[in-house]
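Visitor: To start, I am sharing the structure in question, which I have written as structure tokens.
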Amino acid sequence: MPGFLNYFDVAKTVVSNLSNLHIDQEALQILCLAWQWRKGLINSKKAKEQKYCGMNEQDCLEIAMDYLQKNYAIVKEQVYQQLDQIVQSSALVECINSIIRPYLNGSKNHVTQETLNLIMFYHNHRRYKDGKRKNQTPMEILTSKKQKKDWISLLFEVVKEKDPSFFASTQ
């Protein structure tokens with residue numbers, strides 16, 4: 001668990017890297033604000049919210065373009081890339097909560113450690129269906145090793161390894 005809250009260290013590094021870009025501080029602040037609007041756009045569920053966030057991002061980017069002129073595209077890419085490295089702690093908690101909540105609701109608060117282990121296994125080995133991590137699993141992202149099988153096949157292998165008689169037919 002020592003690395004669990006490492007996003008503070010990552011954020012500190014990102015701030016340092018952004019300071020080293022040697023650009024106008026107002027332009028940097030505007031690009032950071034544009035990035036925030038981009039995050040709002042991505043997280044918005046309703047079309048009206050998405051449109052609002054998208055328009056605000058574009059407004060910020062136009063102002064930043066005026067500040068940065070010919071360096072705009074490169075600097076914008078660098079700033080967005082740096083800011084994307086920061087993982088928000090609340091996003092981690094909300095992600096885990098959204099995965100576990102349906103199971104907790106269905107079990108009437110009688111959740112065993114085995115159930116939590118199963119949820120954890122599913123979460124770590126399932127493929128994302130969309131977003132920037134599309135077709136990757138959390139374990140692939142963590143280990144940089146390609147997962148060749150679906151999560152359910154991997155689960156069957158683990159069960160068979162732990163208890164070979166589990167899948168034996170009773171004749």
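Ligands are numbered from 1 in the order shown, chains are lettered A, B, ... in the order of the structure tokens, and residues start at 1 in each chain.
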Among chain A, which residues does DSSP mark as helix (DSSP H, G or I) when it is run on the backbone? Keep the chain and numbering as in the structure and answer as a PyMOL selection string.

Guide: chain A and resi 7-19+25-43+47-83+89-107+113-125+138-143+151-162

Visitor: Need to verify the contact set: stretch 142-154 of chain A, 7 Å, only C-alpha atoms, exclusion of same-chain residues closer than 5 positions in sequence. Can you return it as a PyMOL selection string?

Guide: chain A and resi 122+125-126

Visitor: What does the file look like for those residues with N, CA, C and O atoms, as a PDB file, in the first residue's frame?

Guide:
ATOM      1  N   TYR A 122     -12.147  -9.816 -11.349  1.00  0.00           N
ATOM      2  CA  TYR A 122     -12.869  -9.334 -12.533  1.00  0.00           C
ATOM      3  C   TYR A 122     -12.377  -7.947 -12.937  1.00  0.00           C
ATOM      4  O   TYR A 122     -12.051  -7.700 -14.097  1.00  0.00           O
ATOM      5  N   HIS A 125      -8.846  -7.914 -14.538  1.00  0.00           N
ATOM      6  CA  HIS A 125      -8.595  -8.682 -15.760  1.00  0.00           C
ATOM      7  C   HIS A 125      -9.602  -8.434 -16.883  1.00  0.00           C
ATOM      8  O   HIS A 125      -9.482  -9.016 -17.959  1.00  0.00           O
ATOM      9  N   ARG A 126     -10.585  -7.582 -16.656  1.00  0.00           N
ATOM     10  CA  ARG A 126     -11.558  -7.297 -17.722  1.00  0.00           C
ATOM     11  C   ARG A 126     -10.995  -6.241 -18.661  1.00  0.00           C
ATOM     12  O   ARG A 126     -10.156  -5.434 -18.283  1.00  0.00           O
TER      13      ARG A 126
END

Visitor: Within 12 Å of stretch 155-165 of chain A, which residues of stretch 58-121 of chain A come that close, and what is the closest atom pair and distance in Å for each? Count only C-alpha atoms and give it as CSV.

Guide:
residue,atom,partner,partner_atom,distance
A:Asn117,CA,A:Leu155,CA,11.1
A:Leu118,CA,A:Leu155,CA,8.7
A:Ile119,CA,A:Leu155,CA,11.2
A:Met120,CA,A:Leu155,CA,11.3
A:Phe121,CA,A:Leu155,CA,7.8

Visitor: May I have the residues within 12 Å of stretch 129-132 of chain A as a ChimeraX atom specification, using only C-alpha atoms and disregarding those fewer than 3 positions away in the same chain?

Guide: /A:42-43,84,126,135-137,141
